[in-house]
Every structure is written in C-alpha cells, then in structure tokens.
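Asks: This is the structure I have questions about; it appears just below.
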Amino acid sequence: ASDSYTWKHPAWRGRETFELARACLGLDIEAVEIDPTELPGPLAPVEVVLFLGVFYHLFDPIEVLERVARLAQDVLVLETHEDLQYVDKPAMAFYPGAELNEDDTNWWAPNPECLYALLKAKGFAKIVYQTHPLSDCRGIYHAFRTPALAAAYLKRPVDNRRLFDLGTHEGRARIFGRYPAPFGARTAIRQAVR
C-alpha cells in the first residue's frame with residue numbers, strides 16, 4: 001500500500017485509518033509513503049494494483065498511469081472521476097482551478113473512451129468497465145493483461161449490464177457517449193470543429 005497526500009493530511013488522518021483497517025483485518029501489507037509521481041520507487045510489481053480516486057488529482061496523469069501500469073502484473077483496477085461522456089472520441093476535461101467540486105486538487109476528468117485507449121496503450125488486453133455505485137460521474141476500470149486473467153479474476157459474468165466488456169461493440173456502445181451533450185454543446189462542438 002502506498003500513499004502520501006491523504007496519509008499526511010491532518011483532517012483525513014489517512015495513515016491512521018489505513019493502520020486501523022490493517023490491524024483489524026489482520027492484513028500483512030507493507031506500507032510505503034510515496035507520492036504517485038515517484039512510483040515505482042522501492043515497490044516491486046505485484047499481481048493486482050488498486051489505483052482508486054487518484055487519476056483526476058494528478059497534473060500529469062498519463063505519466064503516472066504509465067508508472068502504475070508497470071507495477072500491475074495481472075490487473076489494474078482504476079477508479080476516477082469522468083467527464084465529457086457525450087464526446088464520441090477520447091477526450092479529457094481540464095480543470096485549471098477549483099471548477100470540479102470546488103477542489104483545486106482536481107485537474108483532469110477523462111471520458112471512458114480516453115481511459116480505454118490509455119489502458120490499451122499501456123498493454124492491457126481486456127478492459128471491463130463498471131459504473132460507480134454512488135455516482136454516474138465516476139467509473140471503475142478493471143484492466144487485465146490477458147483475457148485468461150480476466151476469466152480467472154472475475155467472479156461475476158461480463159453481461160454488458162453491470163460489467164461492460166469494452167473490447168466488444170455492445171460494451172462500448174453501452175458506455176461510450178452514453179450521455180447527451182449539455183444544451184448547446186453539440187452546436188458549440190460542431191462550430192469548433194469547423
């Protein structure tokens with residue numbers, strides 16, 4: 001387990017929370033205090049990497065995704081804020097200030113097409129998408145090195161209703177561009193393209 005920002009933040013007391021969970025669950029997990037931009041640092045590759053709620057907080061998320069992907073031997077589970085779901089090509093929204101949730105640590109929000117393309121480019125052969133149970137502005141990506149690993153790890157079938165196989169036309173059709181453009185946005189997009 002690694003963290004830096006939330007583990008050091010006095011209001012969140014993240015390291016205390018982590019230590020409490022580790023002790024209560026009896027987990028044998030090495031803890032390393034490291035910023036994601038410094039990965040892999042002393043960390044060696046492992047079978048499963050959880051990269052949860054970090055991507056959109058990074059100023060250079062693609063560089064850090066490259067570093068995190070190298071640590072994942074079997075699967076990378078990535079959860080992040082999403083935006084521009086109505087754009088029918090890979091895209092990311094940039095928030096130069098506190099535009100996203102009045103938080104100036106939020107920099108980027110990719111759309112599902114963007115993260116799918118990034119994960120494919122980082123060597124993941126099968127990518128399964130799951131809608132976030134609490135917010136339709138967030139997504140969970142299960143990126144597997146091989147289809148055989150996906151079959152071994154997944155405990156429920158990919159049905160393109162709860163778990164979406166982004167490697168299939170049906171899975172992509174259900175997730176990519178699933179929201180209509182905001183009022184006037186399609187006209188603005190068409191004009192910008194011209």
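Residue numbering restarts at 1 in every chain; chains get A, B, ... in the order shown in the structure tokens, and ligands count up from 1 in that same order.
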Env of region 113-121 of chain A: 10 Å cut, atoms = only C-alpha atoms, seq-sep filter 3 positions within chain, self excluded. Answer as JSON, numbers by chain.

Replies: {"A": [62, 65, 66, 69, 76, 78, 80, 82, 84, 85, 87, 88, 89, 90, 91, 92, 109, 110, 124, 125, 126, 127, 128, 129, 139, 141, 142, 143, 144, 145, 166, 167, 172, 175, 176, 177]}

Asks: If you count only C-alpha atoms, which residues fall within 10 Å of Pro45 (chain A), apart from same-chain ones fewer than 4 positions away, as number ranges by chain?

Replies: A: 40, 49, 68-74

Asks: Output the selection as an mmCIF file, in the first residue's frame - all heavy atoms for each residue.

Replies:
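What ended up in out-v3.cif:
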```
data_model
loop_
_atom_site.group_PDB
_atom_site.id
_atom_site.type_symbol
_atom_site.label_atom_id
_atom_site.label_comp_id
_atom_site.auth_asym_id
_atom_site.auth_seq_id
_atom_site.Cartn_x
_atom_site.Cartn_y
_atom_site.Cartn_z
ATOM 1 N N PRO A 40 7.917 3.780 -9.560
ATOM 2 C CA PRO A 40 7.659 2.710 -8.616
ATOM 3 C C PRO A 40 8.446 2.824 -7.318
ATOM 4 O O PRO A 40 8.141 2.106 -6.367
ATOM 5 C CB PRO A 40 8.064 1.465 -9.379
ATOM 6 C CG PRO A 40 9.140 1.913 -10.284
ATOM 7 C CD PRO A 40 8.775 3.337 -10.650
ATOM 8 N N VAL A 49 -3.069 -4.195 -8.752
ATOM 9 C CA VAL A 49 -2.841 -2.821 -8.305
ATOM 10 C C VAL A 49 -4.189 -2.102 -8.270
ATOM 11 O O VAL A 49 -4.939 -2.130 -9.240
ATOM 12 C CB VAL A 49 -1.867 -2.074 -9.242
ATOM 13 C CG1 VAL A 49 -1.798 -0.590 -8.888
ATOM 14 C CG2 VAL A 49 -0.479 -2.703 -9.190
ATOM 15 N N VAL A 68 2.232 3.366 -12.856
ATOM 16 C CA VAL A 68 1.357 2.452 -12.129
ATOM 17 C C VAL A 68 1.134 1.177 -12.939
ATOM 18 O O VAL A 68 1.144 0.067 -12.392
ATOM 19 C CB VAL A 68 0.015 3.146 -11.790
ATOM 20 C CG1 VAL A 68 -1.004 2.161 -11.257
ATOM 21 C CG2 VAL A 68 0.243 4.267 -10.789
ATOM 22 N N ALA A 69 0.948 1.317 -14.236
ATOM 23 C CA ALA A 69 0.710 0.152 -15.100
ATOM 24 C C ALA A 69 1.881 -0.824 -15.046
ATOM 25 O O ALA A 69 1.686 -2.034 -15.088
ATOM 26 C CB ALA A 69 0.450 0.604 -16.533
ATOM 27 N N ARG A 70 3.095 -0.305 -14.951
ATOM 28 C CA ARG A 70 4.270 -1.186 -14.871
ATOM 29 C C ARG A 70 4.282 -2.022 -13.602
ATOM 30 O O ARG A 70 4.920 -3.064 -13.556
ATOM 31 C CB ARG A 70 5.564 -0.373 -14.961
ATOM 32 C CG ARG A 70 5.896 0.002 -16.398
ATOM 33 C CD ARG A 70 7.208 0.703 -16.483
ATOM 34 N NE ARG A 70 6.934 2.128 -16.262
ATOM 35 C CZ ARG A 70 7.836 3.041 -16.011
ATOM 36 N NH1 ARG A 70 9.094 2.721 -15.917
ATOM 37 N NH2 ARG A 70 7.492 4.291 -15.840
ATOM 38 N N LEU A 71 3.585 -1.567 -12.570
ATOM 39 C CA LEU A 71 3.527 -2.318 -11.313
ATOM 40 C C LEU A 71 2.490 -3.436 -11.341
ATOM 41 O O LEU A 71 2.516 -4.325 -10.503
ATOM 42 C CB LEU A 71 3.213 -1.367 -10.149
ATOM 43 C CG LEU A 71 4.323 -0.404 -9.761
ATOM 44 C CD1 LEU A 71 3.810 0.631 -8.765
ATOM 45 C CD2 LEU A 71 5.502 -1.166 -9.183
ATOM 46 N N ALA A 72 1.557 -3.407 -12.279
ATOM 47 C CA ALA A 72 0.451 -4.372 -12.333
ATOM 48 C C ALA A 72 0.804 -5.548 -13.242
ATOM 49 O O ALA A 72 0.808 -5.408 -14.455
ATOM 50 C CB ALA A 72 -0.818 -3.689 -12.815
ATOM 51 N N GLN A 73 1.069 -6.694 -12.645
ATOM 52 C CA GLN A 73 1.388 -7.883 -13.442
ATOM 53 C C GLN A 73 0.142 -8.491 -14.076
ATOM 54 O O GLN A 73 0.193 -8.932 -15.214
ATOM 55 C CB GLN A 73 2.073 -8.936 -12.571
ATOM 56 C CG GLN A 73 3.437 -8.537 -12.098
ATOM 57 C CD GLN A 73 4.013 -9.553 -11.131
ATOM 58 O OE1 GLN A 73 3.291 -10.229 -10.392
ATOM 59 N NE2 GLN A 73 5.324 -9.668 -11.126
ATOM 60 N N ASP A 74 -0.961 -8.556 -13.328
ATOM 61 C CA ASP A 74 -2.181 -9.206 -13.807
ATOM 62 C C ASP A 74 -3.290 -8.210 -14.127
ATOM 63 O O ASP A 74 -3.868 -8.242 -15.201
ATOM 64 C CB ASP A 74 -2.719 -10.199 -12.771
ATOM 65 C CG ASP A 74 -1.806 -11.380 -12.534
ATOM 66 O OD1 ASP A 74 -0.781 -11.518 -13.240
ATOM 67 O OD2 ASP A 74 -2.110 -12.169 -11.613
#
```

Asks: Please return, as a PyMOL selection string, all residues of chain A that DSSP assigns to strand (DSSP E or B) on the basis of the backbone.

Replies: chain A and resi 2-3+32-33+46-52+72-81+92-94+108-110+126-131+138-144+163-165

Asks: Tell me which protein, DNA and RNA residues are within 12 Å of Leu100 (chain A), counting only C-alpha atoms, leaving out same-chain ones fewer than 4 positions away, and put them as a PyMOL selection string.

Replies: chain A and resi 56-57+81-83+93-96+104-109+137

Asks: For the residues in the current selection, export all heavy atoms as a short mmCIF file (atom, residue, chain, number, x, y, z; two decimals), in the first residue's frame.

Replies:
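result12.cif was written with the following content:
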```
data_model
loop_
_atom_site.label_atom_id
_atom_site.label_comp_id
_atom_site.auth_asym_id
_atom_site.auth_seq_id
_atom_site.Cartn_x
_atom_site.Cartn_y
_atom_site.Cartn_z
N TYR A 56 -7.56 11.69 -11.39
CA TYR A 56 -8.03 13.06 -11.66
C TYR A 56 -7.37 14.11 -10.77
O TYR A 56 -7.49 15.30 -11.02
CB TYR A 56 -9.55 13.14 -11.58
CG TYR A 56 -10.16 12.89 -10.22
CD1 TYR A 56 -10.64 13.94 -9.44
CD2 TYR A 56 -10.28 11.60 -9.73
CE1 TYR A 56 -11.22 13.71 -8.21
CE2 TYR A 56 -10.86 11.36 -8.50
CZ TYR A 56 -11.32 12.42 -7.73
OH TYR A 56 -11.89 12.18 -6.52
N HIS A 57 -6.65 13.67 -9.74
CA HIS A 57 -5.93 14.60 -8.88
C HIS A 57 -4.51 14.88 -9.37
O HIS A 57 -3.80 15.69 -8.78
CB HIS A 57 -5.83 14.04 -7.46
CG HIS A 57 -7.11 14.08 -6.71
ND1 HIS A 57 -7.70 15.24 -6.26
CD2 HIS A 57 -7.94 13.07 -6.31
CE1 HIS A 57 -8.81 14.96 -5.62
NE2 HIS A 57 -8.99 13.66 -5.65
N HIS A 81 -12.93 10.09 -11.47
CA HIS A 81 -14.00 10.99 -11.93
C HIS A 81 -13.97 11.01 -13.46
O HIS A 81 -12.90 10.91 -14.06
CB HIS A 81 -13.76 12.40 -11.38
CG HIS A 81 -14.84 13.36 -11.73
ND1 HIS A 81 -16.01 13.45 -11.00
CD2 HIS A 81 -14.97 14.24 -12.75
CE1 HIS A 81 -16.79 14.36 -11.55
NE2 HIS A 81 -16.19 14.85 -12.61
N GLU A 82 -15.14 11.14 -14.08
CA GLU A 82 -15.24 11.20 -15.55
C GLU A 82 -16.01 12.44 -15.98
O GLU A 82 -16.81 12.98 -15.22
CB GLU A 82 -15.96 9.96 -16.08
CG GLU A 82 -15.24 8.68 -15.78
CD GLU A 82 -16.01 7.46 -16.26
OE1 GLU A 82 -17.26 7.44 -16.16
OE2 GLU A 82 -15.35 6.54 -16.73
N ASP A 83 -15.75 12.86 -17.20
CA ASP A 83 -16.45 14.00 -17.78
C ASP A 83 -16.47 13.77 -19.29
O ASP A 83 -15.85 12.83 -19.80
CB ASP A 83 -15.73 15.30 -17.44
CG ASP A 83 -16.62 16.53 -17.61
OD1 ASP A 83 -17.68 16.45 -18.27
OD2 ASP A 83 -16.24 17.59 -17.09
N ALA A 93 -11.32 16.46 -19.83
CA ALA A 93 -11.60 17.84 -19.42
C ALA A 93 -10.50 18.27 -18.46
O ALA A 93 -10.07 17.50 -17.60
CB ALA A 93 -12.95 17.93 -18.74
N PHE A 94 -10.05 19.51 -18.62
CA PHE A 94 -9.02 20.08 -17.76
C PHE A 94 -9.66 21.12 -16.85
O PHE A 94 -10.43 21.95 -17.30
CB PHE A 94 -7.92 20.73 -18.61
CG PHE A 94 -6.84 21.39 -17.80
CD1 PHE A 94 -6.02 20.64 -16.97
CD2 PHE A 94 -6.64 22.76 -17.87
CE1 PHE A 94 -5.01 21.25 -16.22
CE2 PHE A 94 -5.64 23.38 -17.13
CZ PHE A 94 -4.83 22.62 -16.30
N TYR A 95 -9.34 21.05 -15.57
CA TYR A 95 -9.86 21.98 -14.58
C TYR A 95 -8.69 22.76 -13.99
O TYR A 95 -8.03 22.27 -13.07
CB TYR A 95 -10.61 21.24 -13.46
CG TYR A 95 -11.66 20.29 -13.98
CD1 TYR A 95 -11.46 18.92 -13.97
CD2 TYR A 95 -12.87 20.78 -14.47
CE1 TYR A 95 -12.43 18.06 -14.44
CE2 TYR A 95 -13.85 19.92 -14.94
CZ TYR A 95 -13.62 18.57 -14.92
OH TYR A 95 -14.58 17.71 -15.39
N PRO A 96 -8.41 23.97 -14.50
CA PRO A 96 -7.23 24.71 -14.04
C PRO A 96 -7.35 25.31 -12.65
O PRO A 96 -6.36 25.72 -12.06
CB PRO A 96 -7.07 25.80 -15.09
CG PRO A 96 -8.43 25.99 -15.66
CD PRO A 96 -9.11 24.64 -15.58
N ASP A 104 -9.24 22.49 -5.63
CA ASP A 104 -8.16 22.83 -6.55
C ASP A 104 -7.12 21.73 -6.70
O ASP A 104 -6.11 21.90 -7.37
CB ASP A 104 -7.49 24.16 -6.16
CG ASP A 104 -6.85 24.13 -4.79
OD1 ASP A 104 -6.86 23.08 -4.11
OD2 ASP A 104 -6.31 25.19 -4.38
N THR A 105 -7.38 20.54 -6.11
CA THR A 105 -6.50 19.40 -6.36
C THR A 105 -7.05 18.51 -7.47
O THR A 105 -6.46 17.49 -7.79
CB THR A 105 -6.29 18.54 -5.09
OG1 THR A 105 -7.51 17.86 -4.76
CG2 THR A 105 -5.82 19.38 -3.92
N ASN A 106 -8.20 18.88 -8.04
CA ASN A 106 -8.78 18.14 -9.16
C ASN A 106 -8.31 18.78 -10.46
O ASN A 106 -8.58 19.95 -10.70
CB ASN A 106 -10.31 18.17 -9.10
CG ASN A 106 -10.85 17.44 -7.88
OD1 ASN A 106 -10.24 16.52 -7.37
ND2 ASN A 106 -11.99 17.86 -7.41
N TRP A 107 -7.61 18.02 -11.31
CA TRP A 107 -7.06 18.58 -12.54
C TRP A 107 -7.74 18.07 -13.81
O TRP A 107 -7.97 18.83 -14.73
CB TRP A 107 -5.56 18.27 -12.63
CG TRP A 107 -4.74 19.02 -11.64
CD1 TRP A 107 -4.21 18.54 -10.46
CD2 TRP A 107 -4.35 20.38 -11.71
NE1 TRP A 107 -3.52 19.52 -9.82
CE2 TRP A 107 -3.58 20.67 -10.56
CE3 TRP A 107 -4.57 21.40 -12.64
CZ2 TRP A 107 -3.05 21.93 -10.32
CZ3 TRP A 107 -4.03 22.65 -12.40
CH2 TRP A 107 -3.27 22.89 -11.24
N TRP A 108 -7.99 16.78 -13.89
CA TRP A 108 -8.44 16.17 -15.15
C TRP A 108 -9.62 15.24 -14.92
O TRP A 108 -9.73 14.61 -13.88
CB TRP A 108 -7.32 15.32 -15.76
CG TRP A 108 -6.15 16.11 -16.22
CD1 TRP A 108 -4.98 16.31 -15.54
CD2 TRP A 108 -6.00 16.80 -17.47
NE1 TRP A 108 -4.13 17.08 -16.29
CE2 TRP A 108 -4.74 17.39 -17.48
CE3 TRP A 108 -6.84 16.97 -18.56
CZ2 TRP A 108 -4.27 18.15 -18.55
CZ3 TRP A 108 -6.37 17.72 -19.63
CH2 TRP A 108 -5.11 18.29 -19.61
N ALA A 109 -10.46 15.10 -15.93
CA ALA A 109 -11.51 14.09 -15.93
C ALA A 109 -11.62 13.52 -17.34
O ALA A 109 -12.05 14.21 -18.26
CB ALA A 109 -12.84 14.67 -15.48
N CYS A 137 -20.84 10.04 -12.43
CA CYS A 137 -19.71 10.86 -12.89
C CYS A 137 -18.39 10.18 -12.58
O CYS A 137 -17.32 10.80 -12.67
CB CYS A 137 -19.74 12.24 -12.24
SG CYS A 137 -21.11 13.25 -12.78
#
```

Asks: By how many Å are CA of Cys24 (chain A) and CA of Tyr5 (chain A) apart?

Replies: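 One can read the CA of Cys24 (chain A) to CA of Tyr5 (chain A) distance as 23.0 Å.
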
Asks: Between CA of Ala31 (chain A) and CA of Leu43 (chain A), what is the distance, to one decimal in Å?

Replies: 10.0 Å

Asks: Record the distance separating CA of Ile34 (chain A) and CA of Lys122 (chain A), expressed in Å with one decimal.

Replies: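 Between CA of Ile34 (chain A) and CA of Lys122 (chain A) the gap is 22.0 Å.
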
Asks: Using DSSP on the backbone coordinates, identify all residues within region 134-172 of chain A classified as alpha helix (DSSP H); present the result as a list of chain:residue names.

Replies: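 The alpha helix (DSSP H) subset of region 134-172 of chain A is A:Pro147, A:Ala148, A:Leu149, A:Ala150, A:Ala151, A:Ala152, A:Tyr153, A:His169, A:Glu170, A:Gly171, A:Arg172.
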
Asks: Write the residues of the selection above to a file with C-alpha atoms, as an mmCIF file, in the first residue's frame.

Replies:
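The resulting file, part-v3.cif, is reproduced below:
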```cif
data_model
loop_
_atom_site.group_PDB
_atom_site.id
_atom_site.type_symbol
_atom_site.label_atom_id
_atom_site.label_comp_id
_atom_site.auth_asym_id
_atom_site.auth_seq_id
_atom_site.Cartn_x
_atom_site.Cartn_y
_atom_site.Cartn_z
ATOM 1 C CA PRO A 147 -8.345 -12.426 -21.357
ATOM 2 C CA ALA A 148 -7.377 -15.576 -19.410
ATOM 3 C CA LEU A 149 -6.509 -13.447 -16.371
ATOM 4 C CA ALA A 150 -9.871 -11.684 -16.664
ATOM 5 C CA ALA A 151 -11.645 -15.043 -16.637
ATOM 6 C CA ALA A 152 -9.635 -16.126 -13.583
ATOM 7 C CA TYR A 153 -10.235 -12.957 -11.556
ATOM 8 C CA HIS A 169 -19.067 -3.475 -29.752
ATOM 9 C CA GLU A 170 -22.021 -3.940 -27.370
ATOM 10 C CA GLY A 171 -19.977 -2.998 -24.297
ATOM 11 C CA ARG A 172 -18.547 0.116 -25.943
#
```
